[in-house]
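This report refers to the structure that appears directly beneath it.
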Amino acid sequence: MGVLTPDAGTVTWGDSTVTLDVRRRVGYMPEERGLYPKMKVRDQLVYLARVFGVEAAVAGERADALLSDFGLAERAGDLLHTLSLGNQQRVQVAAALIHEPELLVLDEPFSGLDPIAMDSMATRLTERAHAGVPVLFSSHQLELVERLCDDIVLIHEGRVVAAGSAQGMRAKRAGSRYRVGVDGVPHWRPTLAGTDVISTTDEATVVELSEGVDPQELLANAQRAGAITHFSRAVPSLSELFAEVSR
């Protein structure tokens, strides 16, 4: 986006190096507010659309449509700083969409939103993606990332620690891990050779099997301790996966 100068390498979009002309076709939302707090909400969206070369009448129509989509039509004439942080966030996303970009780059777009507003925002961005506009965003809300994203890159201290689809990364990390619950035996531990206990709670124990150990042997070992309440592959959530790969 040109906010920082790269130390090395190039960034391309399609077949072109990212230049000022290319950036004009991108919808960008910074994490920190980039709007005018003492300007009216609708006027601000119209102004930003005009900066991108959108005709005045069209800019007004788009501003009205976006404010309606984000549930802010009644606040169109209000100064931005009088809105809640969540509503300011919606206006910030609307500003990134006002010129109908061919790519969206959003930094923490769901920050400050309540669950209902978060679902509404997710729906709007998914609609854009389904219309052919790629959406690239960063977020610490990994449950939402897992739900929305086709491709994910996990970064820890500037390094890529995992990449791919959520399902693919989770399945790969699961490997030969199984979650076992034994009725009446909290913190059950297997006595079977070739097993390693990853974690244990009152409800279940996560066990990793060495190569060649049959999961049925683990099940039989647990059955000798009591009635089985749970037995399944231990597929981690994205949050659990990130915690593991970033250690």
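Residue numbering restarts at 1 in every chain; chains get A, B, ... in the order shown in the structure tokens, and ligands count up from 1 in that same order.
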
Legend entry - Close residues, Ser111 of chain A itself excluded, 12 Å, only C-alpha atoms, min 4 positions apart in chain, as a list in words: Met29, Pro30, Glu31, Glu32, Arg33, Leu85, Gly86, Asn87, Gln88, Gln89, Arg90, Gln92, Val93, Leu106, Asp107, Pro115, Ala117, Met118, Met121, Phe137, Ser138, Ser139, His140, Gln141 and Leu144 of chain A

Keeping C-alpha atoms, export the residues of the selection given above as an mmCIF file, in the first residue's frame.
data_model
loop_
_atom_site.group_PDB
_atom_site.id
_atom_site.type_symbol
_atom_site.label_atom_id
_atom_site.label_comp_id
_atom_site.auth_asym_id
_atom_site.auth_seq_id
_atom_site.Cartn_x
_atom_site.Cartn_y
_atom_site.Cartn_z
ATOM 1 C CA MET A 29 -8.408 0.024 5.666
ATOM 2 C CA PRO A 30 -5.673 0.734 8.250
ATOM 3 C CA GLU A 31 -5.966 -0.562 11.810
ATOM 4 C CA GLU A 32 -5.866 2.973 13.186
ATOM 5 C CA ARG A 33 -8.732 5.247 12.161
ATOM 6 C CA LEU A 85 -16.080 2.709 18.038
ATOM 7 C CA GLY A 86 -17.876 -0.205 16.402
ATOM 8 C CA ASN A 87 -19.893 2.094 14.147
ATOM 9 C CA GLN A 88 -16.774 4.082 13.293
ATOM 10 C CA GLN A 89 -15.249 0.779 12.232
ATOM 11 C CA ARG A 90 -18.177 0.165 9.884
ATOM 12 C CA GLN A 92 -13.984 2.831 7.919
ATOM 13 C CA VAL A 93 -14.818 -0.326 5.947
ATOM 14 C CA LEU A 106 -8.078 -4.661 5.590
ATOM 15 C CA ASP A 107 -6.168 -4.472 8.880
ATOM 16 C CA PRO A 115 -21.040 -10.333 17.764
ATOM 17 C CA ALA A 117 -22.072 -6.418 13.979
ATOM 18 C CA MET A 118 -19.266 -8.927 13.400
ATOM 19 C CA MET A 121 -19.487 -7.334 8.545
ATOM 20 C CA PHE A 137 -7.210 -9.121 5.975
ATOM 21 C CA SER A 138 -5.238 -9.515 9.172
ATOM 22 C CA SER A 139 -6.875 -10.479 12.447
ATOM 23 C CA HIS A 140 -6.166 -11.905 15.881
ATOM 24 C CA GLN A 141 -9.714 -13.342 16.041
ATOM 25 C CA LEU A 144 -13.502 -15.820 12.720
#

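The protein and nucleic acid residues lying at most 9 Å from segment 148-162 of chain A are A:Ala122, A:Thr126, A:Glu143, A:Leu144, A:Val145, A:Glu146, A:Gly164, A:Ser165, A:Ala166, A:Met169, A:Phe242, A:Val245, A:Ser246, with only C-alpha atoms considered and sequence neighbours fewer than 2 positions away removed.
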
Legend entry - 7 Å contact set for Leu104 of chain A, only C-alpha atoms, chain neighbours under 4 positions out, as a ChimeraX atom specification: /A:26-28,134-136

Take the residues from that selection and put them in a file with C-alpha atoms, as a CSV table (one decimal), in the first residue's frame.
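selection21.csv, written as the output of this step:
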chain,number,residue,atom,x,y,z
A,26,VAL,CA,-7.3,-1.1,-4.0
A,27,GLY,CA,-9.6,-0.6,-1.0
A,28,TYR,CA,-7.4,-0.2,2.0
A,134,PRO,CA,-10.2,-10.8,-3.2
A,135,VAL,CA,-10.3,-9.9,0.4
A,136,LEU,CA,-7.0,-9.9,2.3

Legend entry - Exercise: segment 210-221 of chain A partners within 7 Å, only C-alpha atoms, chain neighbours under 6 positions left out, as a list in words: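 Answer for this query is Pro190, Leu192, Gly194 and Thr195 of chain A.
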
Inset, instruction - Considering only C-alpha atoms, state which residue in the set A:Gly112, A:Gly71, A:Pro236, A:Pro37 is at the smallest distance from Gly175 of chain A. - result: A:Pro236

Inset, instruction - Taking the DSSP assignment computed from this structure's backbone, write out as number ranges by chain all residues of segment 5-163 of chain A that belong to strand (DSSP E or B). - result: A: 12-13, 16-17, 26-29, 40, 79, 103-107, 135-138, 152-156, 159-163

Would you write out those residues with C-alpha atoms, as a compact mmCIF listing (two decimals), in the first residue's frame?
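part.txt written:
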# COMPACT_ATOMS: atom_id res chain seq x y z
CA THR A 12 2.82 -7.35 -7.71
CA TRP A 13 -0.90 -7.37 -8.38
CA SER A 16 1.87 -5.33 -12.60
CA THR A 17 4.18 -3.98 -9.96
CA VAL A 26 -7.34 -1.15 -4.01
CA GLY A 27 -9.63 -0.63 -1.03
CA TYR A 28 -7.40 -0.18 2.02
CA MET A 29 -8.41 0.02 5.67
CA LYS A 40 -20.29 14.12 8.76
CA LEU A 79 -20.17 13.67 12.93
CA LEU A 103 -8.93 -5.81 -4.20
CA LEU A 104 -9.59 -5.23 -0.49
CA VAL A 105 -6.74 -5.02 2.05
CA LEU A 106 -8.08 -4.66 5.59
CA ASP A 107 -6.17 -4.47 8.88
CA VAL A 135 -10.29 -9.85 0.44
CA LEU A 136 -6.96 -9.89 2.28
CA PHE A 137 -7.21 -9.12 5.97
CA SER A 138 -5.24 -9.52 9.17
CA ILE A 152 -4.60 -18.63 5.88
CA VAL A 153 -1.07 -17.58 6.79
CA LEU A 154 -0.09 -17.73 10.46
CA ILE A 155 2.71 -15.31 11.35
CA HIS A 156 4.66 -15.25 14.62
CA ARG A 159 7.95 -15.50 10.45
CA VAL A 160 5.42 -17.62 8.59
CA VAL A 161 4.86 -20.61 10.90
CA ALA A 162 2.02 -22.29 8.98
CA ALA A 163 0.02 -21.73 5.81

Inset, instruction - Name the closest residue to Lys172 of chain A among the candidates A:Arg25, A:His187, A:Arg124, A:Arg233; distances are taken between atoms, counting only C-alpha atoms. - result: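 For Lys172 of chain A, the nearest of the given residues is A:Arg233.
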
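Around Phe52 of chain A, within 8 Å and counting only C-alpha atoms, the residues found are Arg24, Leu48, Ala49 and His99 of chain A, once anything fewer than 3 positions away on its own chain is removed.
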
Inset, instruction - Might you pull out every residue within 7 Å of Val182 of chain A, with only C-alpha atoms counted and same-chain residues fewer than 4 positions away left off, and present them as a list in words? - result: Trp188, Ala222, Gly226, Ala227, Ile228 and Thr229 of chain A

Okay, now the selection with N, CA and C atoms, as a short mmCIF file (atom, residue, chain, number, x, y, z; two decimals), in the first residue's frame?
data_model
loop_
_atom_site.label_atom_id
_atom_site.label_comp_id
_atom_site.auth_asym_id
_atom_site.auth_seq_id
_atom_site.Cartn_x
_atom_site.Cartn_y
_atom_site.Cartn_z
N TRP A 188 -7.14 -39.59 32.92
CA TRP A 188 -6.72 -40.95 32.55
C TRP A 188 -5.45 -40.90 31.70
N ALA A 222 -7.94 -48.08 26.90
CA ALA A 222 -8.82 -47.20 27.66
C ALA A 222 -10.04 -47.97 28.21
N GLY A 226 -12.28 -48.32 32.09
CA GLY A 226 -13.67 -47.94 32.36
C GLY A 226 -14.44 -47.72 31.08
N ALA A 227 -15.70 -47.29 31.22
CA ALA A 227 -16.56 -47.04 30.06
C ALA A 227 -16.06 -45.81 29.30
N ILE A 228 -16.06 -45.91 27.98
CA ILE A 228 -15.56 -44.81 27.13
C ILE A 228 -16.66 -43.77 26.93
N THR A 229 -16.35 -42.53 27.26
CA THR A 229 -17.30 -41.44 27.04
C THR A 229 -16.97 -40.65 25.77
#

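Between Arg189 of chain A and the candidates A:Asp15, A:Glu244, A:Asp202, A:Glu127, the tightest atom-to-atom separation, counting only C-alpha atoms, involves A:Asp202.
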
Legend entry - Point-to-point distance from atom CA of Ala56 of chain A to atom CA of Phe70 of chain A, Å rounded to tenths: 21.1 Å

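Straight-line separation from atom CA of Met39 of chain A to atom CA of Gly2 of chain A: 25.6 Å.
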
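Remark: for Asp78 of chain A, the closest of the candidate residues A:Val91, A:Leu97, A:Ala57, A:Leu209 is A:Val91 (distances computed over only C-alpha atoms).
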
Legend entry - Atomic separation - atom CA of Arg23 of chain A relative to atom CA of Leu4 of chain A, Å: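 Going from atom CA of Leu4 of chain A over to atom CA of Arg23 of chain A covers 13.5 Å.
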
Inset, instruction - Between A:Arg42, A:Glu108, A:Val51, A:Met1, single out the one closest to Gly77 of chain A, counting only C-alpha atoms. - result: A:Arg42

Inset, instruction - Please identify which residues in segment 39-239 of chain A DSSP calls helix (DSSP H, G or I) from the backbone, and express them as a PyMOL selection string. - result: chain A and resi 41-51+56-69+73-75+80-82+85-97+115-130+142-148+166-174+215-223+238-239
